[in-house]
Amino acid sequence: MKLQFTYGFSLAFLILACSSKDTDIPEVPEIPVDGITSAEAFPSLKFDSPVELVQAPGDSSHFYVIEQEGTIRTFENTSNASSAPVFLDITSKVTSGGERGLLGLAFHPNYKTNGFVFVNYTAGNPLKTVIARYKANPTNNLADPASEVVLFTFNQPYSNHNGGSMQFGKDGLLYIATGDGGSGGDPQNNAQNLQSLLGKILRVDVNATTKGNYGIPADNPFVSNAQNALPEIYAYGLRNPWRISFDMENTRLFAGDVGQNEREEIDIIVKGGNYGWRLKEGTDCFNPASNCAGENLIEPIHDYVQGNGDRSITGGYVYRGKAIASLAGKYIYGDYVSGKIWALALEGDKKKENTLILENQGSISSFGQDLNGEVYFLNHSDGKVMKLVNGK
């Protein structure tokens with residue numbers, strides 16, 4: 001099984017198409033930074049198409065890995081961990097393959113007491129995204145597959161661009177990244193349509209019941225419905241946000257948004273923000289091909305051209321660990337196709353410098369961050385959990 005985060009067409013076609021029109025030089029150094037490397041964090045473990053790595057709140061003793069076909073496995077946070085038993089298996093509910101599958105996992109902030117865990121997966125027929133809650137026993141580290149409570153679903157018109165990432169903010173609310181519905185070029189213009197949940201960052205209150213099994217935060221930007229907009233929407237104008245994350249030290253929400261034909265982008269998500277797709281792809285006009293500027297469109301904090309194999313961004317985390325001092329406060333992200341990893345330095349919310357730190361790291365499907373701020377990443381093809389380390 002192979003994820004195709006780029007466009008939903010064959011990768012061979014894309015390489016030919018992009019090589020004929022990419023004329024810009026990527027804004028990255030040609031040689032990675034010396035002294036930073038990667039290492040297998042858990043050499044004895046291997047997973048089947050892993051797409052997410054998380055820890056539960058307040059518990060640094062275990063990790064959880066999503067396998068795309070519908071399984072979540074857990075294991076001890078020790079380098080000699082030798083087994084990863086099943087935490088939750090919902091393969092019978094999940095439609096997987098390509099960009100479909102079990103794609104997101106988020107533990108309730110009060111998981112230790114309520115045992116609630118939330119997932120994001122695709123199911124059919126017809127194809128749809130399901131946002132659901134399961135009940136687990138934090139003592140024996142096992143979730144009950146029969147305990148599913150569906151918060152809400154929405155249809156997916158095509159098989160690709162499903163987003164899938166979910167994060168709880170410090171406000172206790174659940175943020176959900178959704179793709180534009182797929183195909184290419186957002187043919188239904190979902191990302192700009194405030195009456196569609198596609199191409200958005202959603203924000204819901206999982207502790208409320210005003211919408212059945214969830215509620216709408218009172219300060220969501222479209223809660224007044226003056227534009228006949230869906231009140232779950234927090235931000236819009238995204239193509240396929242593949243991994244969102246909060247900075248551990250503040251409330252900044254980062255998104256890596258996969259591009260169409262030319263550019264990959266990183267956004268800082270703000271309430272009510274419009275990030276431009278399909279009007280713009282990164283900093284370039286897309287549809288229309290010119291004169292696309294809008295006073296309310298938010299530019300990415302960084303974007304890069306699809307050259308040298310760089311064709312599908314994987315959003316990461318702001319490094320807040322202690323092991324690699326040179327990465328402190330930098331946003332670490334990668335590219336699924338090229339296997340490169342960069343560190344983006346910021347001044348406030350503006351780009352200061354973007355530096356290539358690693359190459360040839362395989363098919364990077366996701367990054368993870370432990371409770372100490374150290375950063376890991378998953379190799380989708382070989383099933384390994386890798387960790388950024390100081391090689392000096």
# chains A, B, ... in the order shown; residues from 1 in each chain; ligands from 1
>>> residues_around(residues="A:Phe107", least_positions_apart="4", cutoff="7 Å", atoms="only C-alpha atoms", output="PyMOL selection string")
chain A and resi 56+111+116-118
>>> write_last_selection(atoms="all heavy atoms", output="PDB file, in the first residue's frame")
ATOM      1  N   ALA A  56      -0.153   9.641  25.232  1.00  0.00           N
ATOM      2  CA  ALA A  56      -1.347  10.090  25.934  1.00  0.00           C
ATOM      3  C   ALA A  56      -0.962  11.166  26.943  1.00  0.00           C
ATOM      4  O   ALA A  56       0.158  11.180  27.458  1.00  0.00           O
ATOM      5  CB  ALA A  56      -2.017   8.920  26.641  1.00  0.00           C
ATOM      6  N   TYR A 111      -7.849  11.968  29.691  1.00  0.00           N
ATOM      7  CA  TYR A 111      -7.866  10.541  29.352  1.00  0.00           C
ATOM      8  C   TYR A 111      -7.633   9.648  30.570  1.00  0.00           C
ATOM      9  O   TYR A 111      -8.248   8.578  30.701  1.00  0.00           O
ATOM     10  CB  TYR A 111      -6.806  10.261  28.289  1.00  0.00           C
ATOM     11  CG  TYR A 111      -6.603   8.797  28.000  1.00  0.00           C
ATOM     12  CD1 TYR A 111      -7.568   8.064  27.318  1.00  0.00           C
ATOM     13  CD2 TYR A 111      -5.442   8.136  28.411  1.00  0.00           C
ATOM     14  CE1 TYR A 111      -7.392   6.706  27.053  1.00  0.00           C
ATOM     15  CE2 TYR A 111      -5.258   6.792  28.144  1.00  0.00           C
ATOM     16  CZ  TYR A 111      -6.229   6.076  27.476  1.00  0.00           C
ATOM     17  OH  TYR A 111      -6.048   4.739  27.224  1.00  0.00           O
ATOM     18  N   PHE A 116     -11.303   8.407  27.269  1.00  0.00           N
ATOM     19  CA  PHE A 116     -11.802   8.722  25.931  1.00  0.00           C
ATOM     20  C   PHE A 116     -10.666   8.948  24.942  1.00  0.00           C
ATOM     21  O   PHE A 116      -9.724   9.695  25.206  1.00  0.00           O
ATOM     22  CB  PHE A 116     -12.682   9.971  25.966  1.00  0.00           C
ATOM     23  CG  PHE A 116     -14.005   9.773  26.647  1.00  0.00           C
ATOM     24  CD1 PHE A 116     -14.713  10.858  27.152  1.00  0.00           C
ATOM     25  CD2 PHE A 116     -14.569   8.504  26.775  1.00  0.00           C
ATOM     26  CE1 PHE A 116     -15.940  10.684  27.777  1.00  0.00           C
ATOM     27  CE2 PHE A 116     -15.791   8.318  27.396  1.00  0.00           C
ATOM     28  CZ  PHE A 116     -16.477   9.416  27.902  1.00  0.00           C
ATOM     29  N   VAL A 117     -10.798   8.296  23.788  1.00  0.00           N
ATOM     30  CA  VAL A 117      -9.847   8.461  22.699  1.00  0.00           C
ATOM     31  C   VAL A 117     -10.647   8.698  21.420  1.00  0.00           C
ATOM     32  O   VAL A 117     -11.701   8.078  21.198  1.00  0.00           O
ATOM     33  CB  VAL A 117      -8.925   7.227  22.571  1.00  0.00           C
ATOM     34  CG1 VAL A 117      -9.717   5.955  22.348  1.00  0.00           C
ATOM     35  CG2 VAL A 117      -7.897   7.413  21.469  1.00  0.00           C
ATOM     36  N   PHE A 118     -10.158   9.615  20.582  1.00  0.00           N
ATOM     37  CA  PHE A 118     -10.880  10.027  19.378  1.00  0.00           C
ATOM     38  C   PHE A 118     -10.081   9.640  18.136  1.00  0.00           C
ATOM     39  O   PHE A 118      -8.856   9.761  18.114  1.00  0.00           O
ATOM     40  CB  PHE A 118     -11.135  11.537  19.410  1.00  0.00           C
ATOM     41  CG  PHE A 118     -12.008  11.954  20.555  1.00  0.00           C
ATOM     42  CD1 PHE A 118     -11.472  12.143  21.826  1.00  0.00           C
ATOM     43  CD2 PHE A 118     -13.368  12.125  20.389  1.00  0.00           C
ATOM     44  CE1 PHE A 118     -12.263  12.497  22.899  1.00  0.00           C
ATOM     45  CE2 PHE A 118     -14.180  12.487  21.457  1.00  0.00           C
ATOM     46  CZ  PHE A 118     -13.631  12.664  22.710  1.00  0.00           C
TER      47      PHE A 118
END
>>> residues_around(residues="A:Pro145", least_positions_apart="5", cutoff="8 Å", atoms="only C-alpha atoms", output="ChimeraX atom specification")
/A:88-90,134
>>> write_last_selection(atoms="C-alpha atoms", output="mmCIF file, in the first residue's frame")
data_model
loop_
_atom_site.group_PDB
_atom_site.id
_atom_site.type_symbol
_atom_site.label_atom_id
_atom_site.label_comp_id
_atom_site.auth_asym_id
_atom_site.auth_seq_id
_atom_site.Cartn_x
_atom_site.Cartn_y
_atom_site.Cartn_z
ATOM 1 C CA LEU A 88 -7.670 -0.706 19.255
ATOM 2 C CA ASP A 89 -8.595 -2.667 16.125
ATOM 3 C CA ILE A 90 -11.334 -1.221 13.890
ATOM 4 C CA TYR A 134 -13.867 5.135 21.863
#
>>> atom_distance(atom1="atom CA of A:Val318", atom2="atom CA of A:Asn372")
11.9 Å
>>> select_by_dssp(residues="stretch 175-233 of chain A", states="strand (DSSP E)", output="list in words")
Tyr175, Ile176, Ala177, Lys200, Ile201, Leu202, Arg203, Val204 and Ile233 of chain A
>>> write_last_selection(atoms="all heavy atoms", output="mmCIF file, in the first residue's frame")
data_model
loop_
_atom_site.group_PDB
_atom_site.id
_atom_site.type_symbol
_atom_site.label_atom_id
_atom_site.label_comp_id
_atom_site.auth_asym_id
_atom_site.auth_seq_id
_atom_site.Cartn_x
_atom_site.Cartn_y
_atom_site.Cartn_z
ATOM 1 N N TYR A 175 -9.395 19.971 17.411
ATOM 2 C CA TYR A 175 -9.157 20.556 16.089
ATOM 3 C C TYR A 175 -8.948 19.416 15.095
ATOM 4 O O TYR A 175 -8.176 18.485 15.355
ATOM 5 C CB TYR A 175 -7.925 21.458 16.119
ATOM 6 C CG TYR A 175 -8.086 22.702 16.973
ATOM 7 C CD1 TYR A 175 -8.111 22.619 18.364
ATOM 8 C CD2 TYR A 175 -8.222 23.963 16.388
ATOM 9 C CE1 TYR A 175 -8.258 23.754 19.156
ATOM 10 C CE2 TYR A 175 -8.368 25.102 17.168
ATOM 11 C CZ TYR A 175 -8.385 24.987 18.547
ATOM 12 O OH TYR A 175 -8.532 26.119 19.329
ATOM 13 N N ILE A 176 -9.620 19.504 13.945
ATOM 14 C CA ILE A 176 -9.633 18.429 12.958
ATOM 15 C C ILE A 176 -9.286 18.998 11.588
ATOM 16 O O ILE A 176 -9.900 19.966 11.133
ATOM 17 C CB ILE A 176 -11.022 17.772 12.894
ATOM 18 C CG1 ILE A 176 -11.446 17.264 14.277
ATOM 19 C CG2 ILE A 176 -11.040 16.637 11.875
ATOM 20 C CD1 ILE A 176 -12.933 16.951 14.388
ATOM 21 N N ALA A 177 -8.302 18.391 10.917
ATOM 22 C CA ALA A 177 -7.894 18.842 9.581
ATOM 23 C C ALA A 177 -8.595 18.006 8.518
ATOM 24 O O ALA A 177 -8.568 16.768 8.570
ATOM 25 C CB ALA A 177 -6.385 18.720 9.423
ATOM 26 N N LYS A 200 -10.807 22.280 5.351
ATOM 27 C CA LYS A 200 -10.968 23.133 6.533
ATOM 28 C C LYS A 200 -10.127 22.646 7.715
ATOM 29 O O LYS A 200 -9.621 21.535 7.728
ATOM 30 C CB LYS A 200 -12.440 23.138 6.978
ATOM 31 C CG LYS A 200 -13.474 23.404 5.902
ATOM 32 C CD LYS A 200 -13.371 24.799 5.321
ATOM 33 C CE LYS A 200 -14.554 25.162 4.443
ATOM 34 N NZ LYS A 200 -14.756 24.307 3.279
ATOM 35 N N ILE A 201 -10.020 23.517 8.717
ATOM 36 C CA ILE A 201 -9.707 23.116 10.080
ATOM 37 C C ILE A 201 -11.000 23.297 10.866
ATOM 38 O O ILE A 201 -11.579 24.385 10.891
ATOM 39 C CB ILE A 201 -8.587 23.969 10.699
ATOM 40 C CG1 ILE A 201 -7.317 23.898 9.850
ATOM 41 C CG2 ILE A 201 -8.317 23.523 12.137
ATOM 42 C CD1 ILE A 201 -6.679 22.530 9.766
ATOM 43 N N LEU A 202 -11.474 22.218 11.476
ATOM 44 C CA LEU A 202 -12.691 22.251 12.267
ATOM 45 C C LEU A 202 -12.320 22.344 13.744
ATOM 46 O O LEU A 202 -11.236 21.931 14.156
ATOM 47 C CB LEU A 202 -13.531 20.995 12.014
ATOM 48 C CG LEU A 202 -13.771 20.607 10.547
ATOM 49 C CD1 LEU A 202 -14.577 19.318 10.473
ATOM 50 C CD2 LEU A 202 -14.449 21.728 9.788
ATOM 51 N N ARG A 203 -13.220 22.902 14.543
ATOM 52 C CA ARG A 203 -13.015 22.948 15.998
ATOM 53 C C ARG A 203 -14.331 22.642 16.686
ATOM 54 O O ARG A 203 -15.334 23.322 16.453
ATOM 55 C CB ARG A 203 -12.498 24.322 16.442
ATOM 56 C CG ARG A 203 -12.175 24.365 17.940
ATOM 57 C CD ARG A 203 -11.522 25.666 18.351
ATOM 58 N NE ARG A 203 -12.450 26.787 18.368
ATOM 59 C CZ ARG A 203 -12.250 27.910 19.071
ATOM 60 N NH1 ARG A 203 -11.142 28.040 19.800
ATOM 61 N NH2 ARG A 203 -13.128 28.879 19.034
ATOM 62 N N VAL A 204 -14.320 21.590 17.546
ATOM 63 C CA VAL A 204 -15.550 21.173 18.216
ATOM 64 C C VAL A 204 -15.273 20.929 19.697
ATOM 65 O O VAL A 204 -14.136 20.701 20.112
ATOM 66 C CB VAL A 204 -16.146 19.901 17.573
ATOM 67 C CG1 VAL A 204 -16.503 20.149 16.111
ATOM 68 C CG2 VAL A 204 -15.187 18.723 17.701
ATOM 69 N N ILE A 233 -16.600 25.113 11.447
ATOM 70 C CA ILE A 233 -15.420 25.603 10.736
ATOM 71 C C ILE A 233 -14.654 26.604 11.593
ATOM 72 O O ILE A 233 -15.214 27.568 12.108
ATOM 73 C CB ILE A 233 -15.828 26.247 9.401
ATOM 74 C CG1 ILE A 233 -16.442 25.193 8.472
ATOM 75 C CG2 ILE A 233 -14.614 26.902 8.724
ATOM 76 C CD1 ILE A 233 -17.059 25.771 7.210
#
>>> residues_around(residues="A:Val385", least_positions_apart="4", cutoff="8 Å", atoms="only C-alpha atoms", output="VMD selection string")
chain A and resid 40 to 42 45 to 46 376 to 379
>>> write_last_selection(atoms="N, CA, C and O atoms", output="PDB file, in the first residue's frame")
ATOM      1  N   GLU A  40      16.959   4.674  14.682  1.00  0.00           N
ATOM      2  CA  GLU A  40      15.771   3.908  15.045  1.00  0.00           C
ATOM      3  C   GLU A  40      15.530   4.067  16.541  1.00  0.00           C
ATOM      4  O   GLU A  40      16.391   3.755  17.360  1.00  0.00           O
ATOM      5  N   ALA A  41      14.360   4.549  16.882  1.00  0.00           N
ATOM      6  CA  ALA A  41      14.051   4.757  18.292  1.00  0.00           C
ATOM      7  C   ALA A  41      13.744   3.441  18.996  1.00  0.00           C
ATOM      8  O   ALA A  41      14.047   3.284  20.192  1.00  0.00           O
ATOM      9  N   PHE A  42      13.165   2.498  18.255  1.00  0.00           N
ATOM     10  CA  PHE A  42      12.756   1.209  18.820  1.00  0.00           C
ATOM     11  C   PHE A  42      13.132   0.125  17.821  1.00  0.00           C
ATOM     12  O   PHE A  42      12.284  -0.356  17.054  1.00  0.00           O
ATOM     13  N   LEU A  45      10.990  -3.003  16.817  1.00  0.00           N
ATOM     14  CA  LEU A  45       9.596  -2.838  16.412  1.00  0.00           C
ATOM     15  C   LEU A  45       9.482  -2.424  14.947  1.00  0.00           C
ATOM     16  O   LEU A  45      10.295  -1.649  14.447  1.00  0.00           O
ATOM     17  N   LYS A  46       8.450  -2.930  14.308  1.00  0.00           N
ATOM     18  CA  LYS A  46       8.134  -2.568  12.926  1.00  0.00           C
ATOM     19  C   LYS A  46       6.626  -2.576  12.771  1.00  0.00           C
ATOM     20  O   LYS A  46       5.943  -3.478  13.269  1.00  0.00           O
ATOM     21  N   TYR A 376      10.110  12.796  16.669  1.00  0.00           N
ATOM     22  CA  TYR A 376      10.258  11.513  15.991  1.00  0.00           C
ATOM     23  C   TYR A 376       9.600  11.617  14.612  1.00  0.00           C
ATOM     24  O   TYR A 376       8.864  12.560  14.336  1.00  0.00           O
ATOM     25  N   PHE A 377       9.847  10.621  13.770  1.00  0.00           N
ATOM     26  CA  PHE A 377       9.093  10.547  12.520  1.00  0.00           C
ATOM     27  C   PHE A 377       8.918   9.097  12.109  1.00  0.00           C
ATOM     28  O   PHE A 377       9.644   8.210  12.573  1.00  0.00           O
ATOM     29  N   LEU A 378       7.922   8.861  11.262  1.00  0.00           N
ATOM     30  CA  LEU A 378       7.572   7.517  10.810  1.00  0.00           C
ATOM     31  C   LEU A 378       7.956   7.324   9.354  1.00  0.00           C
ATOM     32  O   LEU A 378       7.702   8.190   8.519  1.00  0.00           O
ATOM     33  N   ASN A 379       8.556   6.178   9.073  1.00  0.00           N
ATOM     34  CA  ASN A 379       8.821   5.777   7.694  1.00  0.00           C
ATOM     35  C   ASN A 379       7.702   4.850   7.265  1.00  0.00           C
ATOM     36  O   ASN A 379       7.608   3.717   7.749  1.00  0.00           O
TER      37      ASN A 379
END
>>> atom_distance(atom1="atom CA of A:Ile301", atom2="atom CA of A:Ile268")
6.9 Å
>>> residues_around(residues="A:Ala343", least_positions_apart="4", cutoff="8 Å", atoms="only C-alpha atoms", output="MDAnalysis selection string")
chainID A and resid 327 330:333 354:357
>>> atom_distance(atom1="atom CA of A:Leu105", atom2="atom CA of A:Ser381")
20.1 Å
>>> select_by_dssp(residues="stretch 29-223 of chain A", states="alpha helix (DSSP H)", output="list in words")
Tyr111, Lys112, Thr113 and Asn114 of chain A
